[in-house]
Amino acid sequence: FLIINLFLTLGLSSSLQEEFDNAESLHEFDKYLILEEGETYTGGIGIYEGRVFIEGNGAIIDFEHGGGIWVYADEYNPAHLEIEYANIIDGAYYGVSYAGTATGRIENCNFINNDFGLKFFDTAEVEVTNCNLVGCNTYGLGIYGTTAIVDINYCNFWDNAEGDTQENCPN
């Protein structure tokens, strides 16, 4: 018991996938993740159905140079992700990506040192408010194609290698 308690006290990271798998429903969400302030959660997740909320509480989501959080929906399997107050770092391809007919809202998050902070494809529809996209290896935010609807409000972009935003990628 003492050894387990010591590991918990040291603030070792937890798997984001484990948090997702163990999340219960709350309000209108099928999965409601509540992350702990000061904790680090590692690894990415894929969301391909249902409504998911991630209450970040200032926690760090560290992808450790692997895949990020992706959301994909189609007409038969709607998917929606809302995420607030999270620090999303070190995604090899992106911090968060929405594709197909996925919907969502991202608010008060920091995207740091990802390849792209955010990527949007197809007819995804997402609102992004009060976020910082910093030090991304390519762009802070990329919109692939011409049909995604992304509403960006009060966001800051800086020190992104190729530029802050790119629309109609890759052209």
# chains A, B, ... in the order shown; residues from 1 in each chain; ligands from 1
$ select_by_dssp --residues "chain A" --states "helix (DSSP H, G or I)" --output "PyMOL selection string"
chain A and resi 2-9+16-22
$ residues_around --residues "Glu167 in chain A" --least-positions-apart "5" --cutoff "9 Å" --atoms "only C-alpha atoms" --output "ChimeraX atom specification"
/A:141-146
$ residues_around --residues "Ile69 in chain A" --least-positions-apart "3" --cutoff "12 Å" --atoms "only C-alpha atoms" --output "mmCIF file with C-alpha atoms, in the first residue's frame"
data_model
loop_
_atom_site.group_PDB
_atom_site.id
_atom_site.type_symbol
_atom_site.label_atom_id
_atom_site.label_comp_id
_atom_site.auth_asym_id
_atom_site.auth_seq_id
_atom_site.Cartn_x
_atom_site.Cartn_y
_atom_site.Cartn_z
ATOM 1 C CA LEU A 16 -5.945 8.920 -21.547
ATOM 2 C CA GLN A 17 -7.372 5.745 -23.093
ATOM 3 C CA PHE A 20 -11.869 7.264 -21.663
ATOM 4 C CA THR A 42 -0.514 10.065 -22.006
ATOM 5 C CA GLY A 43 -1.502 8.606 -25.345
ATOM 6 C CA GLY A 44 -4.250 9.485 -27.766
ATOM 7 C CA ILE A 45 -7.808 8.294 -28.250
ATOM 8 C CA GLY A 46 -10.180 7.802 -31.153
ATOM 9 C CA ILE A 47 -13.827 8.810 -30.943
ATOM 10 C CA TYR A 48 -16.069 7.372 -33.633
ATOM 11 C CA VAL A 52 -17.795 12.975 -25.310
ATOM 12 C CA ILE A 54 -13.254 16.159 -21.539
ATOM 13 C CA ILE A 61 -2.450 15.522 -22.236
ATOM 14 C CA ASP A 62 0.938 14.396 -23.566
ATOM 15 C CA PHE A 63 0.858 12.344 -26.758
ATOM 16 C CA GLY A 66 2.394 9.740 -31.082
ATOM 17 C CA TYR A 72 -14.684 10.821 -36.937
ATOM 18 C CA LEU A 81 -16.232 16.029 -28.724
ATOM 19 C CA GLU A 82 -16.111 18.977 -26.360
ATOM 20 C CA ILE A 83 -12.922 19.730 -24.469
ATOM 21 C CA ILE A 88 -2.416 19.312 -25.257
ATOM 22 C CA ILE A 89 1.207 18.646 -26.174
ATOM 23 C CA ASP A 90 3.593 16.668 -28.395
ATOM 24 C CA GLY A 91 1.242 15.153 -30.996
ATOM 25 C CA ALA A 92 3.159 13.692 -33.948
ATOM 26 C CA TYR A 93 0.427 14.610 -36.454
ATOM 27 C CA TYR A 94 -2.024 16.826 -34.540
ATOM 28 C CA GLY A 95 -3.337 17.621 -31.102
ATOM 29 C CA VAL A 96 -7.004 17.148 -32.037
ATOM 30 C CA SER A 97 -8.504 16.238 -35.429
ATOM 31 C CA TYR A 98 -12.151 16.239 -36.551
ATOM 32 C CA ALA A 99 -13.244 14.491 -39.773
ATOM 33 C CA ASN A 114 2.193 19.388 -31.906
ATOM 34 C CA PHE A 116 -0.600 20.732 -36.179
ATOM 35 C CA GLY A 117 -2.442 21.953 -33.101
ATOM 36 C CA LEU A 118 -5.817 21.306 -34.745
ATOM 37 C CA LYS A 119 -6.816 19.670 -38.048
#
$ closest_residue --among "A:Asn57, A:Ser13, A:Gln166, A:Asn110" --to "Ile34 in chain A" --atoms "only C-alpha atoms"
A:Asn57
$ select_by_dssp --residues "range 90-126 of chain A" --states "strand (DSSP E)" --output "MDAnalysis selection string"
chainID A and resid 90:91 96:100 103:107 110:112 118:120 125:126
$ write_last_selection --atoms "all heavy atoms" --output "compact mmCIF listing (two decimals), in the first residue's frame"
# COMPACT_ATOMS: atom_id res chain seq x y z
N ASP A 90 2.74 17.67 -27.77
CA ASP A 90 3.59 16.67 -28.39
C ASP A 90 2.88 15.62 -29.25
O ASP A 90 3.24 14.45 -29.24
CB ASP A 90 4.46 15.98 -27.34
CG ASP A 90 5.50 16.92 -26.75
OD1 ASP A 90 5.89 17.88 -27.45
OD2 ASP A 90 5.91 16.71 -25.60
N GLY A 91 1.89 16.05 -30.04
CA GLY A 91 1.24 15.15 -31.00
C GLY A 91 2.06 15.07 -32.28
O GLY A 91 2.44 16.09 -32.85
N VAL A 96 -5.64 17.65 -31.88
CA VAL A 96 -7.00 17.15 -32.04
C VAL A 96 -7.39 17.27 -33.51
O VAL A 96 -7.09 18.28 -34.15
CB VAL A 96 -8.01 17.92 -31.16
CG1 VAL A 96 -9.43 17.40 -31.37
CG2 VAL A 96 -7.65 17.83 -29.67
N SER A 97 -8.06 16.26 -34.04
CA SER A 97 -8.50 16.24 -35.43
C SER A 97 -9.97 15.83 -35.49
O SER A 97 -10.39 14.89 -34.82
CB SER A 97 -7.66 15.24 -36.22
OG SER A 97 -8.17 15.09 -37.52
N TYR A 98 -10.74 16.56 -36.31
CA TYR A 98 -12.15 16.24 -36.55
C TYR A 98 -12.31 15.93 -38.03
O TYR A 98 -11.81 16.67 -38.88
CB TYR A 98 -13.04 17.43 -36.23
CG TYR A 98 -13.18 17.75 -34.76
CD1 TYR A 98 -12.21 18.48 -34.09
CD2 TYR A 98 -14.33 17.36 -34.06
CE1 TYR A 98 -12.37 18.80 -32.75
CE2 TYR A 98 -14.48 17.68 -32.72
CZ TYR A 98 -13.50 18.39 -32.07
OH TYR A 98 -13.66 18.72 -30.75
N ALA A 99 -13.04 14.86 -38.37
CA ALA A 99 -13.24 14.49 -39.77
C ALA A 99 -14.64 13.91 -39.97
O ALA A 99 -15.35 13.62 -39.01
CB ALA A 99 -12.18 13.48 -40.20
N GLY A 100 -14.99 13.72 -41.24
CA GLY A 100 -16.33 13.25 -41.58
C GLY A 100 -17.33 14.32 -41.19
O GLY A 100 -17.13 15.50 -41.47
N THR A 103 -18.65 16.81 -34.96
CA THR A 103 -18.93 18.14 -34.43
C THR A 103 -18.23 18.29 -33.09
O THR A 103 -17.84 17.30 -32.47
CB THR A 103 -20.44 18.37 -34.25
OG1 THR A 103 -20.95 17.38 -33.35
CG2 THR A 103 -21.19 18.29 -35.58
N GLY A 104 -18.11 19.55 -32.64
CA GLY A 104 -17.50 19.73 -31.33
C GLY A 104 -17.29 21.17 -30.95
O GLY A 104 -17.64 22.10 -31.67
N ARG A 105 -16.67 21.30 -29.78
CA ARG A 105 -16.34 22.60 -29.22
C ARG A 105 -15.05 22.44 -28.42
O ARG A 105 -14.90 21.49 -27.65
CB ARG A 105 -17.46 23.08 -28.29
CG ARG A 105 -17.24 24.46 -27.69
CD ARG A 105 -18.43 24.87 -26.82
NE ARG A 105 -18.59 23.98 -25.68
CZ ARG A 105 -17.93 24.08 -24.53
NH1 ARG A 105 -17.03 25.02 -24.36
NH2 ARG A 105 -18.17 23.24 -23.54
N ILE A 106 -14.12 23.38 -28.63
CA ILE A 106 -12.85 23.38 -27.89
C ILE A 106 -12.72 24.76 -27.27
O ILE A 106 -12.79 25.76 -27.97
CB ILE A 106 -11.67 23.10 -28.84
CG1 ILE A 106 -11.84 21.75 -29.53
CG2 ILE A 106 -10.35 23.17 -28.07
CD1 ILE A 106 -10.87 21.52 -30.67
N GLU A 107 -12.52 24.80 -25.96
CA GLU A 107 -12.48 26.09 -25.27
C GLU A 107 -11.40 26.10 -24.19
O GLU A 107 -11.24 25.12 -23.46
CB GLU A 107 -13.84 26.37 -24.64
CG GLU A 107 -14.00 27.76 -24.11
CD GLU A 107 -15.44 28.06 -23.72
OE1 GLU A 107 -16.37 27.50 -24.30
OE2 GLU A 107 -15.61 28.86 -22.78
N ASN A 110 -4.67 24.87 -24.47
CA ASN A 110 -3.36 25.20 -25.02
C ASN A 110 -2.88 24.03 -25.85
O ASN A 110 -2.89 22.89 -25.38
CB ASN A 110 -2.35 25.47 -23.90
CG ASN A 110 -2.75 26.66 -23.07
OD1 ASN A 110 -3.01 27.74 -23.58
ND2 ASN A 110 -2.80 26.48 -21.76
N PHE A 111 -2.47 24.31 -27.09
CA PHE A 111 -1.92 23.31 -27.99
C PHE A 111 -0.46 23.67 -28.21
O PHE A 111 -0.16 24.69 -28.84
CB PHE A 111 -2.69 23.30 -29.32
CG PHE A 111 -4.10 22.83 -29.17
CD1 PHE A 111 -5.11 23.72 -28.81
CD2 PHE A 111 -4.42 21.50 -29.35
CE1 PHE A 111 -6.41 23.28 -28.65
CE2 PHE A 111 -5.72 21.06 -29.18
CZ PHE A 111 -6.73 21.95 -28.83
N ILE A 112 0.44 22.86 -27.68
CA ILE A 112 1.86 23.21 -27.67
C ILE A 112 2.69 22.08 -28.26
O ILE A 112 2.54 20.91 -27.86
CB ILE A 112 2.32 23.51 -26.22
CG1 ILE A 112 1.47 24.63 -25.61
CG2 ILE A 112 3.80 23.87 -26.18
CD1 ILE A 112 1.61 24.79 -24.12
N LEU A 118 -4.49 21.79 -34.39
CA LEU A 118 -5.82 21.31 -34.75
C LEU A 118 -5.88 21.04 -36.25
O LEU A 118 -5.34 21.82 -37.04
CB LEU A 118 -6.88 22.34 -34.39
CG LEU A 118 -7.05 22.67 -32.91
CD1 LEU A 118 -7.88 23.93 -32.73
CD2 LEU A 118 -7.69 21.49 -32.20
N LYS A 119 -6.58 19.97 -36.64
CA LYS A 119 -6.82 19.67 -38.05
C LYS A 119 -8.30 19.39 -38.23
O LYS A 119 -8.92 18.70 -37.42
CB LYS A 119 -6.05 18.42 -38.48
CG LYS A 119 -4.62 18.65 -38.87
CD LYS A 119 -4.03 17.37 -39.45
CE LYS A 119 -2.66 17.62 -40.04
NZ LYS A 119 -2.08 16.38 -40.59
N PHE A 120 -8.84 19.93 -39.33
CA PHE A 120 -10.25 19.74 -39.65
C PHE A 120 -10.39 19.25 -41.08
O PHE A 120 -9.76 19.79 -41.99
CB PHE A 120 -11.02 21.04 -39.47
CG PHE A 120 -10.86 21.62 -38.09
CD1 PHE A 120 -9.93 22.61 -37.84
CD2 PHE A 120 -11.63 21.15 -37.04
CE1 PHE A 120 -9.77 23.13 -36.57
CE2 PHE A 120 -11.48 21.66 -35.76
CZ PHE A 120 -10.54 22.65 -35.52
N GLU A 125 -17.77 20.25 -38.13
CA GLU A 125 -18.24 21.56 -37.69
C GLU A 125 -17.85 21.74 -36.22
O GLU A 125 -18.36 21.04 -35.35
CB GLU A 125 -19.75 21.66 -37.86
CG GLU A 125 -20.29 23.04 -37.66
CD GLU A 125 -21.73 23.18 -38.08
OE1 GLU A 125 -22.20 22.41 -38.95
OE2 GLU A 125 -22.40 24.07 -37.52
N VAL A 126 -16.92 22.70 -35.98
CA VAL A 126 -16.33 22.85 -34.64
C VAL A 126 -16.19 24.33 -34.29
O VAL A 126 -15.84 25.14 -35.14
CB VAL A 126 -14.95 22.17 -34.57
CG1 VAL A 126 -14.35 22.27 -33.17
CG2 VAL A 126 -15.04 20.71 -35.00
$ residues_around --residues "Glu37 in chain A" --least-positions-apart "4" --cutoff "8 Å" --atoms "only C-alpha atoms" --output "VMD selection string"
chain A and resid 56 to 59
$ write_last_selection --atoms "C-alpha atoms" --output "mmCIF file, in the first residue's frame"
data_model
loop_
_atom_site.group_PDB
_atom_site.id
_atom_site.type_symbol
_atom_site.label_atom_id
_atom_site.label_comp_id
_atom_site.auth_asym_id
_atom_site.auth_seq_id
_atom_site.Cartn_x
_atom_site.Cartn_y
_atom_site.Cartn_z
ATOM 1 C CA GLY A 56 -9.385 19.172 -18.502
ATOM 2 C CA ASN A 57 -9.023 21.156 -15.248
ATOM 3 C CA GLY A 58 -5.566 22.305 -16.382
ATOM 4 C CA ALA A 59 -4.232 18.754 -16.802
#
$ residues_around --residues "Asn77 in chain A" --least-positions-apart "3" --cutoff "8 Å" --atoms "only C-alpha atoms" --output "PyMOL selection string"
chain A and resi 48-50+73-74
$ closest_residue --among "A:Asp164, A:Asp122, A:Asp151, A:Glu39" --to "Gly135 in chain A" --atoms "only C-alpha atoms"
A:Asp164
$ residues_around --residues "Ile152 in chain A" --least-positions-apart "4" --cutoff "10 Å" --atoms "only C-alpha atoms" --output "list in words"
Ile106, Val126, Glu127, Val128, Thr129, Asn130 and Cys131 of chain A
$ write_last_selection --atoms "N, CA, C and O atoms" --output "short mmCIF file (atom, residue, chain, number, x, y, z; two decimals), in the first residue's frame"
data_model
loop_
_atom_site.label_atom_id
_atom_site.label_comp_id
_atom_site.auth_asym_id
_atom_site.auth_seq_id
_atom_site.Cartn_x
_atom_site.Cartn_y
_atom_site.Cartn_z
N ILE A 106 -14.12 23.38 -28.63
CA ILE A 106 -12.85 23.38 -27.89
C ILE A 106 -12.72 24.76 -27.27
O ILE A 106 -12.79 25.76 -27.97
N VAL A 126 -16.92 22.70 -35.98
CA VAL A 126 -16.33 22.85 -34.64
C VAL A 126 -16.19 24.33 -34.29
O VAL A 126 -15.84 25.14 -35.14
N GLU A 127 -16.44 24.64 -33.02
CA GLU A 127 -16.21 25.98 -32.49
C GLU A 127 -14.97 25.94 -31.61
O GLU A 127 -14.85 25.08 -30.73
N VAL A 128 -14.02 26.86 -31.86
CA VAL A 128 -12.77 26.93 -31.11
C VAL A 128 -12.70 28.33 -30.48
O VAL A 128 -12.70 29.33 -31.19
N THR A 129 -12.66 28.38 -29.15
CA THR A 129 -12.70 29.66 -28.44
C THR A 129 -11.61 29.74 -27.38
O THR A 129 -11.40 28.78 -26.62
N ASN A 130 -10.94 30.89 -27.35
CA ASN A 130 -9.99 31.22 -26.29
C ASN A 130 -8.89 30.16 -26.12
O ASN A 130 -8.61 29.73 -25.00
N CYS A 131 -8.30 29.76 -27.23
CA CYS A 131 -7.23 28.76 -27.20
C CYS A 131 -5.92 29.37 -27.66
O CYS A 131 -5.89 30.35 -28.39
#
$ closest_residue --among "A:Asn160, A:Glu84, A:Gly68, A:Pro78" --to "Asn113 in chain A" --atoms "only C-alpha atoms"
A:Asn160
$ atom_distance --atom1 "CA of Asn156 in chain A" --atom2 "CA of Leu133 in chain A"
6.3 Å
$ atom_distance --atom1 "CA of Val134 in chain A" --atom2 "CA of Asp159 in chain A"
5.8 Å
